[in-house]
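As stored in protein_31.cif (mmCIF, C-alpha atoms):
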data_start
#
loop_
_atom_site.label_atom_id
_atom_site.label_comp_id
_atom_site.auth_asym_id
_atom_site.auth_seq_id
_atom_site.Cartn_x
_atom_site.Cartn_y
_atom_site.Cartn_z
CA MET A 793 0.00 0.00 0.00
CA THR A 794 1.52 3.31 -1.14
CA PRO A 795 0.22 6.36 0.72
CA GLU A 796 -0.91 9.52 -1.02
CA ILE A 797 0.96 12.64 0.11
CA ARG A 798 -0.33 16.15 -0.60
CA ILE A 799 1.61 19.24 0.42
CA PHE A 800 -0.02 22.64 0.96
CA THR A 801 1.51 26.10 1.19
CA ASN A 802 -0.03 26.76 4.59
CA ALA A 803 -2.05 25.12 7.35
CA ALA A 804 -5.26 26.93 6.37
CA LEU A 805 -5.28 25.37 2.90
CA LEU A 806 -4.47 22.00 4.46
CA ALA A 807 -7.46 22.27 6.80
CA HIS A 808 -9.80 23.22 3.96
CA ALA A 809 -8.62 20.29 1.84
CA ALA A 810 -9.13 17.99 4.81
CA ALA A 811 -12.66 19.32 5.30
CA GLU A 812 -13.47 18.64 1.66
CA GLU A 813 -12.16 15.07 2.02
CA VAL A 814 -14.29 14.49 5.11
CA VAL A 815 -17.43 15.75 3.37
CA ARG A 816 -16.77 13.69 0.26
CA ILE A 817 -16.11 10.45 2.16
CA ALA A 818 -19.10 11.12 4.41
CA ASN A 819 -21.53 11.46 1.53
CA GLU A 820 -20.14 8.40 -0.24
CA ALA A 821 -20.58 6.35 2.94
CA VAL A 822 -24.13 7.55 3.49
CA ALA A 823 -25.03 6.81 -0.12
CA ALA A 824 -23.61 3.30 0.19
CA ARG A 825 -24.64 2.30 3.73
CA GLY A 826 -26.90 4.97 5.17
CA LYS A 827 -24.40 6.23 7.77
CA PHE A 828 -20.89 7.60 8.18
CA THR A 829 -18.52 6.48 10.95
CA LEU A 830 -15.79 8.96 11.79
CA ALA A 831 -13.03 8.79 14.41
CA LEU A 832 -11.73 12.19 15.47
CA ALA A 833 -8.23 13.25 16.46
CA GLY A 834 -6.95 15.83 18.91
CA GLY A 835 -4.47 18.61 18.20
CA SER A 836 -4.35 22.05 16.61
CA THR A 837 -4.61 20.99 12.94
CA PRO A 838 -7.76 18.87 13.46
CA LYS A 839 -9.18 21.76 15.51
CA ALA A 840 -8.98 24.00 12.46
CA LEU A 841 -10.71 21.29 10.41
CA TYR A 842 -13.56 20.99 12.92
CA SER A 843 -14.06 24.76 12.98
CA LEU A 844 -14.34 24.77 9.21
CA LEU A 845 -16.87 21.95 9.09
CA ALA A 846 -19.04 23.74 11.62
CA GLY A 847 -18.50 27.32 10.50
CA ASP A 848 -18.09 27.33 6.72
CA SER A 849 -21.60 27.58 5.29
CA GLN A 850 -20.96 25.41 2.23
CA LEU A 851 -19.12 22.67 4.13
CA HIS A 852 -21.65 22.73 6.93
CA ALA A 853 -24.55 22.35 4.50
CA ALA A 854 -22.84 19.51 2.61
CA MET A 855 -22.06 17.41 5.68
CA PRO A 856 -24.63 14.68 6.53
CA TRP A 857 -24.62 15.50 10.24
CA THR A 858 -27.67 13.51 11.25
CA LYS A 859 -26.24 10.33 9.73
CA THR A 860 -22.73 10.69 11.11
CA HIS A 861 -21.46 8.75 14.13
CA PHE A 862 -18.55 10.38 15.94
CA PHE A 863 -15.85 8.50 17.84
CA TRP A 864 -12.37 9.34 19.17
CA GLY A 865 -9.17 7.59 18.16
CA ASP A 866 -7.66 8.44 21.53
CA GLU A 867 -8.37 10.36 24.68
CA ARG A 868 -6.49 11.73 27.65
CA HIS A 869 -7.36 10.23 31.04
CA VAL A 870 -9.14 13.38 32.19
CA VAL A 871 -12.74 14.39 32.84
CA PRO A 872 -14.63 15.47 29.69
CA ASP A 873 -14.65 19.18 30.55
CA HIS A 874 -10.89 19.25 31.22
CA ALA A 875 -8.84 21.66 29.11
CA GLU A 876 -6.80 18.73 27.70
CA SER A 877 -9.81 16.61 26.74
CA ASN A 878 -10.01 15.70 23.07
CA PHE A 879 -13.77 15.41 23.47
CA ARG A 880 -14.03 18.91 24.88
CA MET A 881 -12.02 20.37 22.00
CA ALA A 882 -14.16 18.68 19.35
CA ASN A 883 -17.36 19.54 21.18
CA GLU A 884 -16.52 23.22 21.58
CA THR A 885 -15.25 23.70 18.03
CA MET A 886 -17.77 21.56 16.13
CA LEU A 887 -20.24 19.22 17.81
CA ALA A 888 -22.03 21.83 19.90
CA HIS A 889 -22.72 23.84 16.74
CA VAL A 890 -24.04 21.20 14.37
CA PRO A 891 -27.27 19.12 14.19
CA VAL A 892 -25.79 15.78 15.22
CA PRO A 893 -28.02 13.50 17.35
CA HIS A 894 -26.70 13.14 20.89
CA GLU A 895 -26.80 9.35 20.58
CA HIS A 896 -24.39 9.56 17.63
CA ILE A 897 -21.62 11.03 19.81
CA HIS A 898 -19.65 8.12 21.23
CA ARG A 899 -17.05 9.59 23.54
CA VAL A 900 -14.55 7.75 25.71
CA ARG A 901 -15.72 7.76 29.33
CA SER A 902 -12.35 9.09 30.41
CA GLU A 903 -13.68 10.19 33.79
CA GLU A 904 -13.45 6.53 34.86
CA PRO A 905 -10.91 6.28 37.73
CA HIS A 906 -9.06 3.50 35.92
CA ALA A 907 -7.98 4.04 32.31
CA ALA A 908 -8.17 0.30 31.64
CA ARG A 909 -11.86 0.33 32.56
CA ALA A 910 -12.45 3.26 30.21
CA ALA A 911 -10.73 1.34 27.40
CA GLU A 912 -12.79 -1.78 28.06
CA GLU A 913 -16.02 0.24 28.03
CA TYR A 914 -15.07 1.94 24.80
CA GLU A 915 -14.34 -1.34 23.09
CA ARG A 916 -17.77 -2.54 24.19
CA THR A 917 -19.27 0.62 22.71
CA LEU A 918 -17.60 -0.15 19.38
CA ARG A 919 -18.91 -3.71 19.46
CA THR A 920 -22.43 -2.42 20.04
CA VAL A 921 -22.40 0.30 17.39
CA PHE A 922 -20.70 -1.83 14.75
CA GLY A 923 -23.09 -4.72 15.34
CA GLY A 924 -20.78 -7.60 16.11
CA GLU A 925 -18.35 -7.16 13.21
CA ALA A 926 -15.13 -9.15 13.54
CA MET A 927 -13.42 -5.77 13.67
CA PRO A 928 -14.94 -2.33 13.09
CA ARG A 929 -14.32 -0.83 9.67
CA PHE A 930 -14.48 2.91 10.11
CA ASP A 931 -15.31 4.94 7.05
CA LEU A 932 -12.66 7.45 8.13
CA ILE A 933 -10.11 7.74 10.93
CA LEU A 934 -8.42 11.12 11.39
CA LEU A 935 -4.91 11.11 12.84
CA GLY A 936 -2.25 13.61 13.76
CA MET A 937 1.45 13.02 14.34
CA GLY A 938 3.56 14.26 17.22
CA THR A 939 7.12 15.51 17.07
CA ASP A 940 8.18 12.10 18.41
CA GLY A 941 6.40 10.27 15.60
CA HIS A 942 3.47 9.10 17.73
CA THR A 943 -0.09 8.96 16.45
CA ALA A 944 -3.36 8.60 18.36
CA SER A 945 -1.87 7.65 21.75
CA LEU A 946 0.53 5.10 20.30
CA PHE A 947 3.73 6.53 21.75
CA PRO A 948 7.28 5.29 21.12
CA ASN A 949 8.33 2.23 23.10
CA THR A 950 4.99 1.79 24.88
CA SER A 951 3.02 -1.40 25.39
CA ALA A 952 0.13 -0.48 23.09
CA LEU A 953 2.41 -0.83 20.07
CA LEU A 954 2.47 -4.59 20.60
CA GLU A 955 -1.29 -5.07 20.97
CA LYS A 956 -2.77 -7.44 18.38
CA GLN A 957 -6.10 -8.54 19.88
CA HIS A 958 -7.84 -5.59 21.48
CA TRP A 959 -9.34 -2.67 19.57
CA VAL A 960 -8.89 -0.15 22.38
CA VAL A 961 -6.35 -0.18 25.20
CA ALA A 962 -5.10 1.94 28.06
CA ASN A 963 -1.52 2.99 27.38
CA TRP A 964 0.87 4.27 30.04
CA VAL A 965 3.15 6.97 28.61
CA PRO A 966 6.17 7.38 30.92
CA LYS A 967 7.41 10.66 29.44
CA LEU A 968 4.00 12.22 30.11
CA ASN A 969 3.54 10.39 33.42
CA ALA A 970 -0.01 9.77 32.26
CA TRP A 971 -2.44 7.19 30.98
CA ARG A 972 -4.04 7.47 27.58
CA VAL A 973 -6.88 5.49 25.99
CA THR A 974 -6.19 4.67 22.36
CA PHE A 975 -7.25 2.75 19.29
CA THR A 976 -4.77 0.02 18.48
CA ALA A 977 -2.91 -0.34 15.18
CA PRO A 978 -4.99 -3.33 13.97
CA LEU A 979 -8.20 -1.33 14.40
CA ILE A 980 -6.80 1.73 12.64
CA ASN A 981 -5.51 -0.41 9.78
CA ASN A 982 -8.96 -1.89 9.18
CA ALA A 983 -10.42 1.50 8.24
CA ALA A 984 -11.61 2.28 4.74
CA ASN A 985 -9.82 5.66 4.88
CA VAL A 986 -7.10 6.98 7.17
CA LEU A 987 -6.23 10.67 6.96
CA PHE A 988 -3.14 12.15 8.62
CA LEU A 989 -3.02 15.92 9.21
CA VAL A 990 0.47 17.25 9.89
CA ALA A 991 1.58 20.89 10.09
CA GLY A 992 4.58 22.81 11.41
CA GLY A 993 8.32 22.81 10.97
CA ASP A 994 8.83 20.84 14.18
CA LYS A 995 7.22 17.88 12.39
CA ALA A 996 9.59 17.92 9.38
CA GLU A 997 12.22 15.57 10.79
CA PRO A 998 9.85 12.92 12.19
CA LEU A 999 7.67 13.07 9.07
CA HIS A 1000 10.68 12.39 6.86
CA ALA A 1001 11.68 9.51 9.15
CA VAL A 1002 8.17 8.02 9.12
CA LEU A 1003 7.65 8.24 5.37
CA GLN A 1004 11.14 7.81 3.96
CA GLY A 1005 13.33 6.44 6.72
CA ALA A 1006 14.06 2.91 7.86
CA ARG A 1007 11.16 1.00 9.35
CA GLN A 1008 11.36 1.57 13.11
CA PRO A 1009 7.75 1.52 14.37
CA GLU A 1010 8.82 1.18 18.00
CA GLN A 1011 10.55 4.56 17.60
CA TYR A 1012 8.13 6.09 15.07
CA PRO A 1013 4.70 4.54 15.78
CA SER A 1014 3.06 6.36 12.87
CA GLN A 1015 4.80 3.77 10.67
CA LEU A 1016 2.39 1.18 12.09
CA VAL A 1017 -0.45 2.79 10.15
CA GLN A 1018 -0.72 0.78 6.95
CA PRO A 1019 -4.37 0.10 6.07
CA THR A 1020 -4.84 -3.49 4.96
CA ALA A 1021 -7.63 -2.76 2.48
CA GLY A 1022 -8.06 0.99 2.66
CA ARG A 1023 -6.71 4.35 1.58
CA LEU A 1024 -3.98 6.24 3.43
CA LEU A 1025 -3.71 9.97 2.77
CA TRP A 1026 -1.22 12.39 4.29
CA LEU A 1027 -2.11 16.09 4.13
CA VAL A 1028 0.85 18.23 5.24
CA ASP A 1029 1.94 21.83 5.02
CA VAL A 1030 5.22 22.90 3.44
CA ALA A 1031 6.87 23.41 6.81
CA ALA A 1032 6.25 19.81 7.83
CA GLY A 1033 6.76 18.42 4.34
CA GLN A 1034 9.95 20.25 3.41
CA SER A 1035 11.90 16.98 3.13
CA VAL A 1036 9.09 14.87 1.64
CA ALA A 1037 8.05 14.49 -1.98
CA PRO A 1038 4.33 14.54 -2.91
CA ARG A 1039 2.78 11.29 -4.09
CA PRO A 1040 -0.43 11.14 -6.12
#
Once you've parsed the file, please lay out its structure as structure tokens.
Amino acid sequence: MTPEIRIFTNAALLAHAAAEEVVRIANEAVAARGKFTLALAGGSTPKALYSLLAGDSQLHAAMPWTKTHFFWGDERHVVPDHAESNFRMANETMLAHVPVPHEHIHRVRSEEPHAARAAEEYERTLRTVFGGEAMPRFDLILLGMGTDGHTASLFPNTSALLEKQHWVVANWVPKLNAWRVTFTAPLINNAANVLFLVAGGDKAEPLHAVLQGARQPEQYPSQLVQPTAGRLLWLVDVAAGQSVAPRP
């Protein structure tokens, strides 16, 4: 599987292109199956995307909100109104401003005292919503990439990188001294579409390593993302993609 790589002159154009991709995939999914399943990401670049989907009149009108089910690819182990909550960010920038049914918002119950319990509950939620599928096949999973090459909450040299059976796990991240709840690589790789959003010069070195360096997924977990029967698209700005060549 060869990923597509598109490079944009600035982060604003990247976010708009991402919004157009989301709307297109959403409408194709609804036309084919009557619903659209979308896993959201945290971070500043996805935040700009969410603001566009909610605030741009054309994008807002084109999005099938009432038939979209929202999930999260990872979450911090904090209460949902915490400043670091991925749910809170998405809710404040998009979900609170669009006509999505409350029952279509499937957040991680990160207020659970034990992150492992939150992960177990979220996997049960996926099993319920996806109706007993052998493994959920999301229409679209949005991902970012950190300066250390992590994605979702799959951080370098952490136990979640080795997970093969579970769809969702609690992952202890020593450098953050914190638990995270995250989708696992097998679940991400079963998606029909995976879309990375990467912006900023501080991402240039890890992006080059992930896309063009030696395979070292324990050091650069974003290399684990290789959809088995899906599309992988990287949307990056010129600052992040300065050492990467576009691929159609």
Could you pull the residues within 9 Å of stretch 1021-1027 of chain A, counting only C-alpha atoms, minus those fewer than 5 positions along the same chain, as number ranges by chain?
A: 793-800, 806-807, 809-810, 981-991
Okay, now the selection with C-alpha atoms, as a tab-separated table (two decimals), in the frame of the given file?
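Result written to part29.tsv:
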chain	number	residue	atom	x	y	z
A	793	MET	CA	0.00	0.00	0.00
A	794	THR	CA	1.52	3.31	-1.14
A	795	PRO	CA	0.22	6.36	0.72
A	796	GLU	CA	-0.91	9.52	-1.02
A	797	ILE	CA	0.96	12.64	0.11
A	798	ARG	CA	-0.33	16.15	-0.60
A	799	ILE	CA	1.61	19.24	0.42
A	800	PHE	CA	-0.02	22.64	0.96
A	806	LEU	CA	-4.47	22.00	4.46
A	807	ALA	CA	-7.46	22.27	6.80
A	809	ALA	CA	-8.62	20.29	1.84
A	810	ALA	CA	-9.13	17.99	4.81
A	981	ASN	CA	-5.51	-0.41	9.78
A	982	ASN	CA	-8.96	-1.89	9.18
A	983	ALA	CA	-10.42	1.50	8.24
A	984	ALA	CA	-11.61	2.28	4.74
A	985	ASN	CA	-9.82	5.66	4.88
A	986	VAL	CA	-7.10	6.98	7.17
A	987	LEU	CA	-6.23	10.67	6.96
A	988	PHE	CA	-3.14	12.15	8.62
A	989	LEU	CA	-3.02	15.92	9.21
A	990	VAL	CA	0.47	17.25	9.89
A	991	ALA	CA	1.58	20.89	10.09
Using all atoms listed in the file, find each residue of stretch 815-884 of chain A with at least one atom at most 12 Å away from an atom of stretch 926-947 of chain A; report its shortest atom-to-atom pair and that distance in Å (one decimal), sort the rows by chain and rising residue number, and return the result as JSON lines.
{"residue": "A:Val815", "atom": "CA", "partner": "A:Leu932", "partner_atom": "CA", "distance": 10.7}
{"residue": "A:Arg816", "atom": "CA", "partner": "A:Leu932", "partner_atom": "CA", "distance": 10.9}
{"residue": "A:Ile817", "atom": "CA", "partner": "A:Asp931", "partner_atom": "CA", "distance": 7.4}
{"residue": "A:Ala818", "atom": "CA", "partner": "A:Asp931", "partner_atom": "CA", "distance": 7.7}
{"residue": "A:Asn819", "atom": "CA", "partner": "A:Asp931", "partner_atom": "CA", "distance": 10.6}
{"residue": "A:Glu820", "atom": "CA", "partner": "A:Asp931", "partner_atom": "CA", "distance": 9.4}
{"residue": "A:Ala821", "atom": "CA", "partner": "A:Asp931", "partner_atom": "CA", "distance": 6.8}
{"residue": "A:Val822", "atom": "CA", "partner": "A:Asp931", "partner_atom": "CA", "distance": 9.9}
{"residue": "A:Ala824", "atom": "CA", "partner": "A:Asp931", "partner_atom": "CA", "distance": 10.9}
{"residue": "A:Arg825", "atom": "CA", "partner": "A:Asp931", "partner_atom": "CA", "distance": 10.2}
{"residue": "A:Gly826", "atom": "CA", "partner": "A:Asp931", "partner_atom": "CA", "distance": 11.7}
{"residue": "A:Lys827", "atom": "CA", "partner": "A:Asp931", "partner_atom": "CA", "distance": 9.2}
{"residue": "A:Phe828", "atom": "CA", "partner": "A:Asp931", "partner_atom": "CA", "distance": 6.3}
{"residue": "A:Thr829", "atom": "CA", "partner": "A:Asp931", "partner_atom": "CA", "distance": 5.3}
{"residue": "A:Leu830", "atom": "CA", "partner": "A:Leu932", "partner_atom": "CA", "distance": 5.0}
{"residue": "A:Ala831", "atom": "CA", "partner": "A:Ile933", "partner_atom": "CA", "distance": 4.7}
{"residue": "A:Leu832", "atom": "CA", "partner": "A:Leu934", "partner_atom": "CA", "distance": 5.4}
{"residue": "A:Ala833", "atom": "CA", "partner": "A:Leu935", "partner_atom": "CA", "distance": 5.4}
{"residue": "A:Gly834", "atom": "CA", "partner": "A:Gly936", "partner_atom": "CA", "distance": 7.3}
{"residue": "A:Gly835", "atom": "CA", "partner": "A:Gly936", "partner_atom": "CA", "distance": 7.0}
{"residue": "A:Ser836", "atom": "CA", "partner": "A:Gly936", "partner_atom": "CA", "distance": 9.2}
{"residue": "A:Thr837", "atom": "CA", "partner": "A:Gly936", "partner_atom": "CA", "distance": 7.8}
{"residue": "A:Pro838", "atom": "CA", "partner": "A:Gly936", "partner_atom": "CA", "distance": 7.6}
{"residue": "A:Lys839", "atom": "CA", "partner": "A:Gly936", "partner_atom": "CA", "distance": 10.8}
{"residue": "A:Leu841", "atom": "CA", "partner": "A:Leu934", "partner_atom": "CA", "distance": 10.5}
{"residue": "A:Tyr842", "atom": "CA", "partner": "A:Leu934", "partner_atom": "CA", "distance": 11.2}
{"residue": "A:Thr860", "atom": "CA", "partner": "A:Asp931", "partner_atom": "CA", "distance": 10.2}
{"residue": "A:His861", "atom": "CA", "partner": "A:Phe930", "partner_atom": "CA", "distance": 9.9}
{"residue": "A:Phe862", "atom": "CA", "partner": "A:Ile933", "partner_atom": "CA", "distance": 10.2}
{"residue": "A:Phe863", "atom": "CA", "partner": "A:Ile933", "partner_atom": "CA", "distance": 9.0}
{"residue": "A:Trp864", "atom": "CA", "partner": "A:Ile933", "partner_atom": "CA", "distance": 8.7}
{"residue": "A:Gly865", "atom": "CA", "partner": "A:Ala944", "partner_atom": "CA", "distance": 5.9}
{"residue": "A:Asp866", "atom": "CA", "partner": "A:Ala944", "partner_atom": "CA", "distance": 5.3}
{"residue": "A:Glu867", "atom": "CA", "partner": "A:Ser945", "partner_atom": "CA", "distance": 7.6}
{"residue": "A:Arg868", "atom": "CA", "partner": "A:Ser945", "partner_atom": "CA", "distance": 8.5}
{"residue": "A:His869", "atom": "CA", "partner": "A:Ser945", "partner_atom": "CA", "distance": 11.1}
{"residue": "A:Asn878", "atom": "CA", "partner": "A:Ala944", "partner_atom": "CA", "distance": 10.8}
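Those residues returned by the PyMOL selection byres ((chain A and resi 992) around 6) for this file are Ala991, Gly993, Asp994, Lys995, Ala1031 and Ala1032 of chain A.
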Restricting it to C-alpha atoms, dump the selection as a PDB file, in the coordinates of the input.
ATOM      1  CA  ALA A 991       1.580  20.890  10.090  1.00  0.00           C
ATOM      2  CA  GLY A 993       8.320  22.810  10.970  1.00  0.00           C
ATOM      3  CA  ASP A 994       8.830  20.840  14.180  1.00  0.00           C
ATOM      4  CA  LYS A 995       7.220  17.880  12.390  1.00  0.00           C
ATOM      5  CA  ALA A1031       6.870  23.410   6.810  1.00  0.00           C
ATOM      6  CA  ALA A1032       6.250  19.810   7.830  1.00  0.00           C
TER       7      ALA A1032
END
Interatomic distance, atom CA of A:Arg899 to atom CA of A:Asn883 (Å, one decimal):
10.2 Å
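This file, filtered with the PyMOL selection byres ((chain A and resi 911) around 6), gives the residues Ala908, Arg909, Ala910, Glu912, Glu913, Tyr914, Val960, Val961, Ala962 and Val973 of chain A.
Going from atom CA of A:Ala854 to atom CA of A:Glu895 covers 21.0 Å.
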May I have the residues within 8 Å of A:Lys956 as a ChimeraX atom specification, using all atoms listed in the file and disregarding those fewer than 6 positions away in the same chain?
/A:976-978
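Taking atom CA of A:Val1002 as the reference point, atom CA of A:Ser1014 is found at 6.6 Å.
Of the listed residues A:Pro856, A:Phe922, A:Asp848, A:Arg972, the one whose atoms come nearest to A:Val900 is A:Arg972, with distances taken using all atoms listed in the file.
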Check the smallest atom-to-atom distance from each of A:Gln1018, A:Gln957, A:Gln1034, A:Ser843 to A:His889 using only C-alpha atoms, then report the winner.
A:Ser843
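The closest residue to A:Lys967, picked from A:Asn949, A:Ala823, A:Pro872, A:Leu954 and counting only C-alpha atoms, is A:Asn949.
Closest approach to A:Trp959 among A:Thr974, A:Thr885, A:Gln1015, A:Thr801: A:Thr974, based on only C-alpha atoms.
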Can you tell me, as AutoDock Vina command-line options, the centre and edge lengths (Å, one decimal) of the axis-aligned box enclosing all of stretch 844-848 of chain A's listed atoms after padding each side by 8 Å?
--center_x -16.7 --center_y 24.6 --center_z 9.2 --size_x 20.7 --size_y 21.4 --size_z 20.9
Given the file shown, enumerate the residues that the PyMOL selection byres ((chain A and resi 950) around 8) captures and present them as a ChimeraX atom specification.
/A:946-949,951-953,963-965,1010
Which residues are near A:Gly1005? Cut-off 12 Å, only C-alpha atoms, ignore same chain within fewer than 3 positions. Put them as a PyMOL selection string.
chain A and resi 941+997-1002+1008-1009+1011-1012+1014-1015+1035-1036
For A:Pro893, the closest of A:Thr920, A:Asn969, A:Ser877, A:Thr858 counting only C-alpha atoms is A:Thr858
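With distances taken over all atoms listed in the file, A:Glu903 is the one residue among A:Glu903, A:Glu915, A:Glu955, A:Glu813 lying closest to A:Val870.
Summary of the local environment: counting only C-alpha atoms, residues at most 8 Å from A:Trp857, other than itself and those fewer than 5 positions away along its chain, are Val890, Pro891 and Val892 of chain A.
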